[in-house]
>>> print(open('input36.cif').read())   # mmCIF, C-alpha atoms
data_data
#
loop_
_atom_site.label_atom_id
_atom_site.label_comp_id
_atom_site.auth_asym_id
_atom_site.auth_seq_id
_atom_site.Cartn_x
_atom_site.Cartn_y
_atom_site.Cartn_z
CA MET A 19 0.00 0.00 0.00
CA ALA A 20 2.80 2.38 0.93
CA THR A 21 4.54 1.65 -2.37
CA ARG A 22 1.33 2.26 -4.28
CA THR A 23 0.84 5.67 -2.68
CA ALA A 24 4.46 6.67 -3.22
CA LYS A 25 4.15 5.84 -6.92
CA ARG A 26 1.08 8.01 -7.20
CA PRO A 27 1.62 11.25 -5.25
CA TRP A 28 -1.50 12.71 -6.89
CA LEU A 29 -3.60 10.02 -5.25
CA LEU A 30 -2.48 11.17 -1.83
CA THR A 31 -3.00 14.82 -2.77
CA PHE A 32 -6.52 14.22 -4.02
CA GLY A 33 -7.34 12.06 -1.03
CA LEU A 34 -6.30 14.83 1.34
CA ALA A 35 -8.13 17.37 -0.77
CA LEU A 36 -11.37 15.41 -0.74
CA THR A 37 -11.12 15.00 3.03
CA ALA A 38 -10.78 18.77 3.33
CA LEU A 39 -13.79 19.20 1.03
CA ILE A 40 -16.28 17.20 3.00
CA SER A 41 -15.18 18.65 6.33
CA THR A 42 -16.01 22.27 5.41
CA PRO A 43 -19.60 23.45 4.91
CA ALA A 44 -20.12 25.76 1.93
CA VAL A 45 -22.77 26.77 -0.60
CA ALA A 46 -22.46 27.36 -4.33
CA ASP A 47 -22.33 31.12 -4.77
CA ASP A 48 -20.43 34.03 -6.27
CA GLY A 49 -19.02 36.17 -3.48
CA LYS A 50 -15.83 37.26 -5.22
CA LEU A 51 -15.57 40.52 -7.11
CA LEU A 52 -15.79 40.38 -10.90
CA ALA A 53 -12.55 39.11 -12.51
CA ALA A 54 -11.10 38.12 -9.12
CA ALA A 55 -11.41 34.46 -10.16
CA GLY A 56 -9.10 34.99 -13.13
CA LEU A 57 -9.35 33.00 -16.32
CA SER A 58 -8.47 29.35 -16.70
CA SER A 59 -4.88 28.75 -17.73
CA ILE A 60 -3.94 26.20 -20.37
CA ASP A 61 -2.98 23.68 -17.65
CA GLY A 62 -6.38 24.07 -15.98
CA ALA A 63 -5.32 26.20 -13.00
CA ALA A 64 -7.14 29.49 -12.41
CA GLY A 65 -4.91 32.26 -13.67
CA GLY A 66 -3.98 33.91 -16.90
CA GLY A 67 -3.70 32.02 -20.15
CA LEU A 68 -0.20 30.65 -19.66
CA VAL A 69 0.47 31.26 -15.98
CA PRO A 70 -1.34 29.97 -12.87
CA TRP A 71 -2.21 32.72 -10.39
CA ALA A 72 -2.63 32.46 -6.63
CA VAL A 73 -6.42 32.84 -7.05
CA ILE A 74 -8.71 29.87 -6.43
CA ALA A 75 -10.93 28.81 -9.37
CA GLY A 76 -14.48 30.11 -9.54
CA TYR A 77 -16.36 32.84 -7.71
CA GLY A 78 -16.83 31.03 -4.41
CA GLU A 79 -15.67 33.10 -1.44
CA GLN A 80 -14.96 31.71 2.00
CA GLY A 81 -17.99 29.58 2.91
CA GLN A 82 -18.84 29.06 -0.77
CA TRP A 83 -17.83 26.88 -3.67
CA ASP A 84 -18.02 27.15 -7.47
CA THR A 85 -17.21 25.08 -10.53
CA THR A 86 -15.88 26.17 -13.90
CA GLY A 87 -15.12 24.70 -17.29
CA ALA A 88 -12.86 26.12 -19.95
CA LEU A 89 -11.91 25.47 -23.57
CA THR A 90 -8.76 26.83 -25.16
CA TYR A 91 -7.46 26.78 -28.70
CA VAL A 92 -3.98 27.84 -29.78
CA ASP A 93 -2.90 27.93 -33.41
CA THR A 94 0.46 28.91 -34.85
CA GLY A 95 -0.08 27.61 -38.37
CA ASP A 96 2.48 24.81 -37.90
CA PHE A 97 0.84 23.48 -34.72
CA ASN A 98 -2.45 23.63 -32.96
CA LEU A 99 -3.20 22.97 -29.34
CA ARG A 100 -6.61 22.17 -27.89
CA ALA A 101 -7.19 22.17 -24.17
CA GLY A 102 -10.23 21.52 -22.04
CA SER A 103 -10.46 21.72 -18.28
CA ILE A 104 -12.88 21.53 -15.40
CA SER A 105 -12.21 22.87 -11.94
CA LEU A 106 -13.70 23.18 -8.51
CA GLY A 107 -12.94 26.00 -6.08
CA TRP A 108 -13.77 25.35 -2.44
CA ASN A 109 -14.05 27.91 0.34
CA ASP A 110 -11.60 30.18 -1.54
CA ARG A 111 -9.00 27.82 -0.11
CA LEU A 112 -8.66 24.78 -2.33
CA GLU A 113 -8.81 24.30 -6.09
CA LEU A 114 -8.97 20.95 -7.88
CA SER A 115 -8.74 20.74 -11.65
CA ALA A 116 -8.50 18.19 -14.43
CA SER A 117 -7.49 18.97 -18.00
CA ARG A 118 -6.64 17.38 -21.28
CA LEU A 119 -4.12 18.98 -23.61
CA SER A 120 -3.93 17.83 -27.22
CA LEU A 121 -1.22 18.94 -29.62
CA GLY A 122 -1.56 18.57 -33.38
CA LEU A 123 1.81 18.68 -35.12
CA ASP A 124 0.36 19.72 -38.49
CA ALA A 125 3.60 20.88 -40.13
CA LEU A 126 5.61 17.82 -39.08
CA VAL A 127 2.83 15.46 -40.16
CA ALA A 128 2.57 17.19 -43.55
CA ALA A 129 6.35 16.86 -43.99
CA GLY A 130 6.16 13.14 -43.18
CA ALA A 131 8.37 13.70 -40.13
CA PHE A 132 5.81 12.53 -37.62
CA PRO A 133 2.92 10.04 -37.63
CA ASP A 134 -0.56 11.49 -38.08
CA VAL A 135 -1.57 11.40 -34.42
CA ARG A 136 -2.17 14.06 -31.81
CA LEU A 137 -0.06 14.11 -28.66
CA ASP A 138 -2.33 14.08 -25.62
CA THR A 139 -1.47 14.86 -22.04
CA ASP A 140 -3.69 14.79 -18.95
CA VAL A 141 -3.18 17.14 -16.04
CA LEU A 142 -4.63 16.57 -12.58
CA ALA A 143 -3.95 19.46 -10.27
CA ALA A 144 -4.57 20.96 -6.86
CA LYS A 145 -3.90 24.43 -5.52
CA LEU A 146 -4.04 25.61 -1.93
CA ARG A 147 -4.28 29.25 -0.83
CA LEU A 148 -1.66 29.62 1.88
CA GLY A 149 -2.47 33.17 2.94
CA GLY A 150 -2.71 36.82 2.04
CA ASP A 151 -5.41 38.29 -0.14
CA LEU A 152 -5.75 39.24 -3.78
CA ILE A 153 -7.34 42.61 -2.94
CA TYR A 154 -7.63 43.33 0.79
CA GLY A 155 -5.09 43.62 3.59
CA ASP A 156 -1.36 44.11 3.41
CA TRP A 157 -0.15 40.91 1.77
CA PRO A 158 -0.61 39.53 -1.74
CA GLN A 159 -2.41 36.24 -2.06
CA ILE A 160 0.05 33.34 -1.92
CA SER A 161 -0.84 29.84 -3.10
CA ALA A 162 0.99 26.58 -3.67
CA GLY A 163 0.01 24.15 -6.39
CA VAL A 164 0.86 20.74 -7.74
CA GLN A 165 0.15 19.54 -11.29
CA TRP A 166 0.51 15.86 -12.05
CA ARG A 167 0.93 15.32 -15.78
CA HIS A 168 0.69 12.15 -17.77
CA SER A 169 1.32 11.72 -21.48
CA ARG A 170 -1.00 9.30 -23.25
CA ASP A 171 1.55 8.70 -26.03
CA ARG A 172 4.42 6.99 -24.28
CA ASP A 173 6.04 5.46 -27.38
CA LEU A 174 6.08 8.68 -29.38
CA ILE A 175 7.33 10.66 -26.39
CA GLU A 176 10.20 8.25 -25.92
CA SER A 177 11.02 8.37 -29.63
CA VAL A 178 11.73 12.10 -29.39
CA GLY A 179 14.09 11.49 -26.49
CA ALA A 180 12.03 12.13 -23.37
CA ASP A 181 13.02 10.20 -20.24
CA ASP A 182 9.52 9.68 -18.84
CA SER A 183 5.87 9.78 -19.86
CA SER A 184 4.67 11.36 -16.63
CA GLY A 185 5.87 13.95 -14.17
CA TYR A 186 4.68 16.66 -11.88
CA ASP A 187 5.11 20.39 -11.35
CA VAL A 188 4.99 22.20 -8.06
CA TYR A 189 4.62 25.96 -7.96
CA LEU A 190 4.26 28.91 -5.65
CA ALA A 191 2.26 31.90 -6.90
CA ALA A 192 1.78 35.40 -5.51
CA SER A 193 -1.00 37.62 -6.92
CA ARG A 194 -2.25 41.09 -6.14
CA LEU A 195 -5.01 43.24 -7.62
CA TRP A 196 -4.81 46.97 -6.90
CA ILE A 197 -8.26 48.55 -7.07
CA ALA A 198 -6.86 51.94 -8.02
CA GLY A 199 -3.68 50.97 -9.83
CA ILE A 200 -2.28 52.48 -13.01
CA GLY A 201 -4.43 55.40 -14.15
CA GLY A 202 -6.92 54.63 -11.37
CA ARG A 203 -7.62 51.31 -13.11
CA ARG A 204 -7.66 47.89 -11.51
CA THR A 205 -4.18 46.50 -12.00
CA LEU A 206 -3.08 42.93 -11.47
CA ALA A 207 0.39 41.49 -11.05
CA ASN A 208 1.33 37.86 -10.54
CA LEU A 209 4.60 36.07 -10.04
CA THR A 210 4.90 32.27 -10.12
CA LEU A 211 7.90 30.10 -9.32
CA ARG A 212 7.68 26.58 -10.69
CA SER A 213 9.67 23.39 -10.42
CA THR A 214 9.00 21.19 -13.44
CA SER A 215 10.31 18.22 -15.39
CA ALA A 216 7.96 18.71 -18.36
CA HIS A 217 8.94 19.30 -21.98
CA GLN A 218 6.33 21.64 -23.53
CA LEU A 219 3.75 21.19 -20.74
CA GLY A 220 4.43 17.43 -20.82
CA LEU A 221 3.17 17.11 -24.40
CA LEU A 222 6.69 16.05 -25.39
CA GLY A 223 7.26 14.05 -22.23
CA PHE A 224 9.34 14.58 -19.12
CA ASP A 225 12.95 14.78 -18.10
CA ASP A 226 14.72 13.03 -15.24
CA ASP A 227 16.07 16.41 -14.13
CA ARG A 228 13.93 19.16 -12.67
CA SER A 229 14.16 22.84 -13.61
CA LEU A 230 13.19 25.94 -11.67
CA VAL A 231 11.36 28.47 -13.85
CA LEU A 232 9.82 31.90 -13.30
CA GLU A 233 6.49 33.07 -14.72
CA GLY A 234 4.52 36.27 -14.49
CA SER A 235 1.43 38.15 -15.55
CA PHE A 236 0.50 41.78 -15.62
CA ALA A 237 -2.88 43.25 -16.55
CA VAL A 238 -4.72 46.55 -16.42
CA PHE A 239 -8.54 46.73 -16.51
CA LEU A 240 -9.34 49.54 -18.92
CA THR A 241 -12.98 49.13 -17.91
CA PRO A 242 -14.47 46.87 -15.22
CA THR A 243 -15.00 44.20 -17.90
CA ILE A 244 -12.04 44.58 -20.29
CA ALA A 245 -8.43 43.91 -19.37
CA LEU A 246 -5.23 44.31 -21.37
CA GLY A 247 -2.25 42.31 -20.26
CA ALA A 248 0.94 40.41 -20.89
CA GLU A 249 2.32 37.15 -19.64
CA TYR A 250 5.67 35.52 -19.54
CA ARG A 251 6.53 31.89 -18.84
CA SER A 252 10.12 30.78 -18.82
CA LYS A 253 10.68 27.18 -19.84
CA PRO A 254 13.26 24.49 -19.32
CA ASP A 255 15.26 23.49 -22.38
CA GLU A 256 16.23 19.88 -21.76
CA LEU A 257 15.22 18.08 -24.95
CA ALA A 258 18.03 18.00 -27.52
CA LEU A 259 15.80 17.03 -30.47
CA ALA A 260 13.27 19.77 -29.79
CA PRO A 261 14.72 22.91 -28.19
CA GLU A 262 12.27 24.86 -26.06
CA ASP A 263 11.96 28.64 -25.67
CA ASP A 264 10.32 30.91 -23.14
CA TRP A 265 6.71 31.80 -23.92
CA TYR A 266 4.96 35.11 -23.81
CA ASP A 267 1.62 36.55 -24.78
CA LEU A 268 -0.27 39.80 -25.05
CA PHE A 269 -3.95 39.41 -24.25
CA VAL A 270 -7.33 41.08 -24.13
CA GLY A 271 -9.61 39.62 -21.48
CA TRP A 272 -13.36 40.08 -21.48
CA PHE A 273 -15.32 39.63 -18.24
CA PRO A 274 -18.94 40.52 -19.12
CA ASN A 275 -20.28 38.85 -15.95
CA LYS A 276 -19.28 36.20 -13.43
CA ARG A 277 -20.60 33.35 -15.60
CA TRP A 278 -18.62 33.89 -18.80
CA HIS A 279 -15.10 35.09 -19.51
CA ALA A 280 -13.10 35.02 -22.70
CA ALA A 281 -9.63 36.04 -23.74
CA LEU A 282 -7.86 36.47 -27.05
CA ALA A 283 -4.09 36.59 -27.11
CA TYR A 284 -1.13 36.86 -29.41
CA VAL A 285 1.33 34.18 -28.30
CA ASP A 286 4.98 33.64 -29.06
CA LEU A 287 5.95 30.07 -28.19
CA GLY A 288 9.41 30.21 -29.79
CA SER A 289 10.69 26.84 -30.97
CA VAL A 290 8.23 23.93 -30.74
CA GLY A 291 9.01 20.38 -31.83
CA GLY A 292 12.12 21.54 -33.69
CA ILE A 293 10.38 24.27 -35.70
CA GLN A 294 11.35 27.81 -34.77
CA ASP A 295 9.38 31.06 -34.45
CA GLN A 296 5.99 29.72 -33.49
CA GLN A 297 3.70 32.70 -33.16
CA GLY A 298 -0.04 32.63 -33.34
CA PHE A 299 -3.29 33.24 -31.54
CA TYR A 300 -4.74 31.91 -28.33
CA LEU A 301 -8.46 31.88 -27.66
CA THR A 302 -10.03 30.75 -24.43
CA VAL A 303 -13.57 30.71 -23.10
CA LYS A 304 -14.43 29.98 -19.49
CA GLY A 305 -17.89 29.35 -18.10
CA SER A 306 -19.58 28.50 -14.82
CA PRO A 307 -22.97 26.80 -14.57
CA MET B 254 11.43 39.89 -22.46
CA ARG B 255 12.16 38.57 -18.97
CA LYS B 256 13.71 41.90 -17.97
CA VAL B 257 10.86 43.89 -19.44
CA PHE B 258 8.40 41.79 -17.53
CA LEU B 259 10.26 42.06 -14.24
CA ALA B 260 10.47 45.83 -14.68
CA LEU B 261 6.71 45.97 -15.18
CA TRP B 262 6.11 43.77 -12.20
CA PHE B 263 8.28 45.80 -9.88
CA PHE B 264 6.64 48.95 -11.17
CA ALA B 265 3.34 47.44 -10.14
CA LEU B 266 4.59 47.13 -6.59
CA TRP B 267 4.48 50.92 -6.42
CA PRO B 268 0.76 51.47 -6.82
CA ALA B 269 0.02 55.01 -7.90
CA GLN B 270 -2.60 55.53 -5.26
CA ALA B 271 -2.87 59.21 -4.45
CA ASP B 272 -3.14 59.82 -0.76
CA ALA B 273 -6.46 61.55 -0.85
CA ALA B 274 -6.25 62.74 2.73
CA ASP B 275 -3.20 64.93 2.09
CA GLY B 276 -5.18 67.95 1.08
CA ALA B 277 -7.03 68.00 4.35
CA ALA B 278 -4.08 67.60 6.66
CA ASP B 279 -3.82 71.31 7.36
CA ALA B 280 -7.51 71.88 7.89
CA ASN B 281 -7.30 73.30 11.40
CA ALA B 282 -10.71 72.19 12.54
CA MET B 283 -12.69 69.18 11.41
CA ALA B 284 -15.90 70.35 9.83
CA SER B 285 -19.32 68.84 9.49
CA PRO B 286 -20.30 68.03 5.91
CA ALA B 287 -22.24 71.31 5.74
CA THR B 288 -18.98 73.27 6.06
CA SER B 289 -16.70 70.77 4.30
CA ASP B 290 -13.64 71.91 2.44
CA CYS B 291 -14.18 71.69 -1.32
CA ARG B 292 -10.64 72.36 -2.42
CA GLU B 293 -9.38 71.38 -5.84
CA GLY B 294 -7.09 68.41 -6.22
CA THR B 295 -8.77 66.31 -3.57
CA LEU B 296 -10.74 63.17 -4.24
CA TYR B 297 -13.58 64.95 -2.45
CA SER B 298 -13.73 67.60 -5.16
CA GLU B 299 -13.59 64.84 -7.82
CA LEU B 300 -16.66 63.38 -6.15
CA GLY B 301 -18.42 66.73 -6.46
CA CYS B 302 -17.94 67.77 -2.81
CA LEU B 303 -20.96 67.77 -0.54
CA GLU B 304 -23.58 67.83 -3.28
CA GLY B 305 -21.93 65.16 -5.42
CA THR B 306 -21.03 62.93 -2.46
CA THR B 307 -24.57 63.11 -1.07
CA ARG B 308 -26.07 62.29 -4.46
CA MET B 309 -23.65 59.39 -4.85
CA VAL B 310 -24.35 58.01 -1.37
CA GLU B 311 -28.09 58.18 -2.04
CA ALA B 312 -27.59 56.25 -5.31
CA ILE B 313 -25.53 53.65 -3.44
CA ILE B 314 -28.26 53.27 -0.80
CA VAL B 315 -30.84 52.65 -3.54
CA GLU B 316 -28.67 49.76 -4.78
CA VAL B 317 -28.05 48.36 -1.30
CA LYS B 318 -31.78 48.45 -0.47
CA ALA B 319 -32.53 46.49 -3.64
CA ASP B 320 -29.86 43.83 -3.01
CA GLN B 321 -31.60 40.75 -1.59
CA ARG B 322 -28.25 39.08 -0.90
CA ILE B 323 -27.44 41.47 1.94
CA ALA B 324 -30.88 42.89 2.77
CA TYR B 325 -31.06 41.08 6.11
CA LEU B 326 -27.99 42.99 7.32
CA PHE B 327 -29.95 46.24 7.03
CA GLU B 328 -33.24 45.16 8.59
CA ASN B 329 -32.92 47.61 11.50
CA THR B 330 -31.14 50.35 9.60
CA ASP B 331 -32.13 54.01 9.95
CA TRP B 332 -31.36 54.94 6.34
CA ASP B 333 -31.17 58.71 6.91
CA TYR B 334 -28.69 58.16 9.71
CA LEU B 335 -26.65 55.77 7.56
CA ARG B 336 -26.64 58.25 4.66
CA ASP B 337 -25.38 61.08 6.87
CA ARG B 338 -22.63 58.93 8.41
CA LEU B 339 -21.53 57.64 4.98
CA VAL B 340 -21.35 61.18 3.62
CA GLU B 341 -19.27 62.23 6.65
CA GLN B 342 -17.01 59.25 6.37
CA ILE B 343 -16.42 59.60 2.63
CA CYS B 344 -15.87 63.35 3.08
CA GLU B 345 -13.26 62.59 5.75
CA LEU B 346 -11.53 59.85 3.74
CA SER B 347 -11.47 61.82 0.50
CA GLY B 348 -9.93 64.97 1.90
CA GLY B 349 -13.06 67.07 2.50
CA GLY B 350 -12.06 67.78 6.08
CA CYS B 351 -15.14 66.29 7.75
CA GLU B 352 -15.16 64.30 10.93
CA TYR B 353 -16.92 60.96 10.96
CA THR B 354 -19.14 60.98 14.04
CA GLY B 355 -20.45 57.40 13.87
CA LEU B 356 -19.27 54.35 15.76
CA PRO B 357 -15.76 53.03 15.00
CA MET B 358 -16.07 50.54 12.14
CA PRO B 359 -15.44 47.35 14.18
CA ASP B 360 -18.08 48.47 16.73
CA ALA B 361 -20.55 49.45 14.01
CA HIS B 362 -20.40 45.90 12.63
CA SER B 363 -20.00 44.06 15.91
CA GLY B 364 -22.08 40.90 16.21
CA MET B 365 -23.08 40.95 12.53
CA ALA B 366 -20.46 38.38 11.46
CA ILE B 367 -20.28 39.96 8.03
CA THR B 368 -18.69 37.57 5.55
CA ARG B 369 -16.14 38.33 2.87
CA ALA B 370 -18.80 37.62 0.25
CA GLU B 371 -21.22 40.10 1.84
CA PHE B 372 -18.51 42.75 1.91
CA ASN B 373 -17.87 42.17 -1.80
CA TRP B 374 -21.57 42.33 -2.62
CA PHE B 375 -21.73 45.69 -0.82
CA VAL B 376 -18.75 46.79 -2.93
CA GLU B 377 -20.68 45.75 -6.07
CA ASP B 378 -23.71 47.78 -4.96
CA THR B 379 -21.40 50.72 -4.25
CA GLU B 380 -19.92 50.46 -7.75
CA ARG B 381 -23.37 50.33 -9.34
CA GLY B 382 -24.51 53.34 -7.32
CA MET B 383 -21.41 55.33 -8.21
CA THR B 384 -21.84 54.51 -11.90
CA LYS B 385 -25.49 55.58 -11.81
CA ALA B 386 -24.45 58.80 -10.06
CA GLY B 387 -22.04 59.47 -12.94
CA VAL B 388 -18.79 59.10 -10.98
CA PRO B 389 -15.89 58.47 -13.41
CA LEU B 390 -14.21 55.03 -13.18
CA ALA B 391 -10.83 56.22 -11.87
CA THR B 392 -12.57 58.28 -9.18
CA GLN B 393 -14.70 55.29 -8.24
CA ASN B 394 -11.62 53.13 -7.90
CA ARG B 395 -9.73 55.70 -5.81
CA LEU B 396 -12.62 55.86 -3.36
CA LEU B 397 -13.05 52.07 -3.34
CA ALA B 398 -9.35 51.62 -2.58
CA LEU B 399 -9.82 53.81 0.52
CA LEU B 400 -12.97 51.94 1.57
CA ALA B 401 -11.21 48.60 0.96
CA LYS B 402 -8.82 49.42 3.80
CA MET B 403 -11.77 48.94 6.17
CA HIS B 404 -12.18 45.31 5.11
CA GLY B 405 -10.50 43.97 8.24
CA ASP B 406 -12.60 46.26 10.48
CA VAL B 407 -15.89 45.20 8.88
CA VAL B 408 -15.59 41.49 8.09
CA GLY B 409 -15.93 38.80 10.72
CA HIS B 410 -16.86 40.89 13.80
#
>>> encode(input="input36.cif", output="structure tokens")
Amino acid sequence: MATRTAKRPWLLTFGLALTALISTPAVADDGKLLAAAGLSSIDGAAGGGLVPWAVIAGYGEQGQWDTTGALTYVDTGDFNLRAGSISLGWNDRLELSASRLSLGLDALVAAGAFPDVRLDTDVLAAKLRLGGDLIYGDWPQISAGVQWRHSRDRDLIESVGADDSSGYDVYLAASRLWIAGIGGRRTLANLTLRSTSAHQLGLLGFDDDRSLVLEGSFAVFLTPTIALGAEYRSKPDELALAPEDDWYDLFVGWFPNKRWHAALAYVDLGSVGGIQDQQGFYLTVKGSP
Amino acid sequence: MRKVFLALWFFALWPAQADAADGAADANAMASPATSDCREGTLYSELGCLEGTTRMVEAIIVEVKADQRIAYLFENTDWDYLRDRLVEQICELSGGGCEYTGLPMPDAHSGMAITRAEFNWFVEDTERGMTKAGVPLATQNRLLALLAKMHGDVVGH
């Protein structure tokens, strides 16, 4: 039993998380301020498009819970990436999420350099708010998260030189929203420190060595419902066959109400799968029932 | 790109929040709203001084009264008294030189066990009221940032 648990750290995490869930009373509701739940990042964690923030998914405040679902599509011309995720935010303390990432290597397939299959990776994740507050009080909100990733294409992953077909990230995120920030507009900053073994989110597998990477987001709400921002996500570069670059994006977020959010971004993913200069668009839609 | 981002992030750590109370620091005697100090450059003057602040507070109260989510918190409220205290308090906070004569905030909310969600819903009503009263967005946010400092004195008492 001990061996089984050690092999599956996510099982322990989710077990603890579920125990926490049923021991805290809460109702489904929307006590957070508009946009304070963030969007859903590509890995499923509440945050920006590329970077998890310290916020807990959904609009549930303390004593409340909320669920969200999100769909994301990224296209650079040479590649496309589809992602879908569902998440639960509990008591503004704990977030659980599950996502599926699917990468289509269109250019490599067309060139006969890769079989005509998509590379799929699952992500199961949890995030815990450690302290502080996004808006109120003296300290930014600080959260810790873990993302267990598993590639569903072990043979292909190993053929490009990855050591493993599964791995996990752990991260620490700090987020703050200033109500009267730049130009009297709501202004958000986030900094995330991540330890990862993943090549391209795990879509190209995992390395035996871990890397420490820094990520950040910055956004200004021009109006209460429209935000302009930028994100940066530094990446490990451990796969000789497919060098990996840092990612960044420039985005417009739309928060018409607490039920629906959308964002459109220009992304620069650098080199992906051995093909350089991958720029394109990123579209994400997030909804809550 | 990493450097550009870090520069932006550190810049964000210096929020450009004007200290709205500065203008009133040399007011030698605290005034009642009727004799408040409508000097230019204060948030109070942005709010339209006594007339604008009163109109805004009345618009906020209309929103609060209509909000079923927090209605039970105001079951025993004397609305005229609340309006006058809010005008005083906002005048004081925004540099109008008034003196808030109500109970200290923790005492005013003692025993109500106001939740974080209820505080946020009140903020939403306040935003709606300010918008309906024609208060510009940046002015709204500057006032909200001052009111947000009371979060710890209002929630959970």
>>> resolve_selection(input="input36.cif", expression="the PyMOL selection byres ((chain A) within 9 of (chain B))", output="PyMOL selection string")
chain A and resi 47-52+78-82+153-155+196-209+233-236+241-242+248-252+264+266
>>> closest_residue(input="input36.cif", among="B:Ser347, B:Gln321, B:Thr307, B:Ser298", to="Asp333 of chain B", atoms="all atoms listed in the file")
B:Thr307
>>> closest_residue(input="input36.cif", among="A:Ala191, A:Arg212, A:Val127, A:Leu221", to="Arg170 of chain A", atoms="all atoms listed in the file")
A:Leu221
>>> resolve_selection(input="input36.cif", expression="the PyMOL selection byres ((chain A and resi 98-115) around 7)", output="VMD selection string")
chain A and resid 44 60 62 to 63 74 to 76 78 to 94 97 116 to 123 142 to 147
>>> closest_residue(input="input36.cif", among="B:Cys291, B:Asp406, B:Val340, B:Glu345", to="Arg308 of chain B", atoms="all atoms listed in the file")
B:Val340
>>> atom_distance(input="input36.cif", atom1="atom CA of Leu152 of chain A", atom2="atom CA of Leu335 of chain B")
29.0 Å
>>> resolve_selection(input="input36.cif", expression="the PyMOL selection byres ((chain A and resi 243) around 12)", output="PyMOL selection string")
(chain A and resi 51-54+56+203-204+238-242+244-246+270-276+278-281) or (chain B and resi 390)
>>> atom_distance(input="input36.cif", atom1="atom CA of Gly149 of chain A", atom2="atom CA of Leu190 of chain A")
11.7 Å
>>> atom_distance(input="input36.cif", atom1="atom CA of Ser169 of chain A", atom2="atom CA of Ser184 of chain A")
5.9 Å
>>> closest_residue(input="input36.cif", among="A:Gln218, A:Ser193, A:Thr210, A:Ser177", to="Gly163 of chain A", atoms="only C-alpha atoms")
A:Thr210
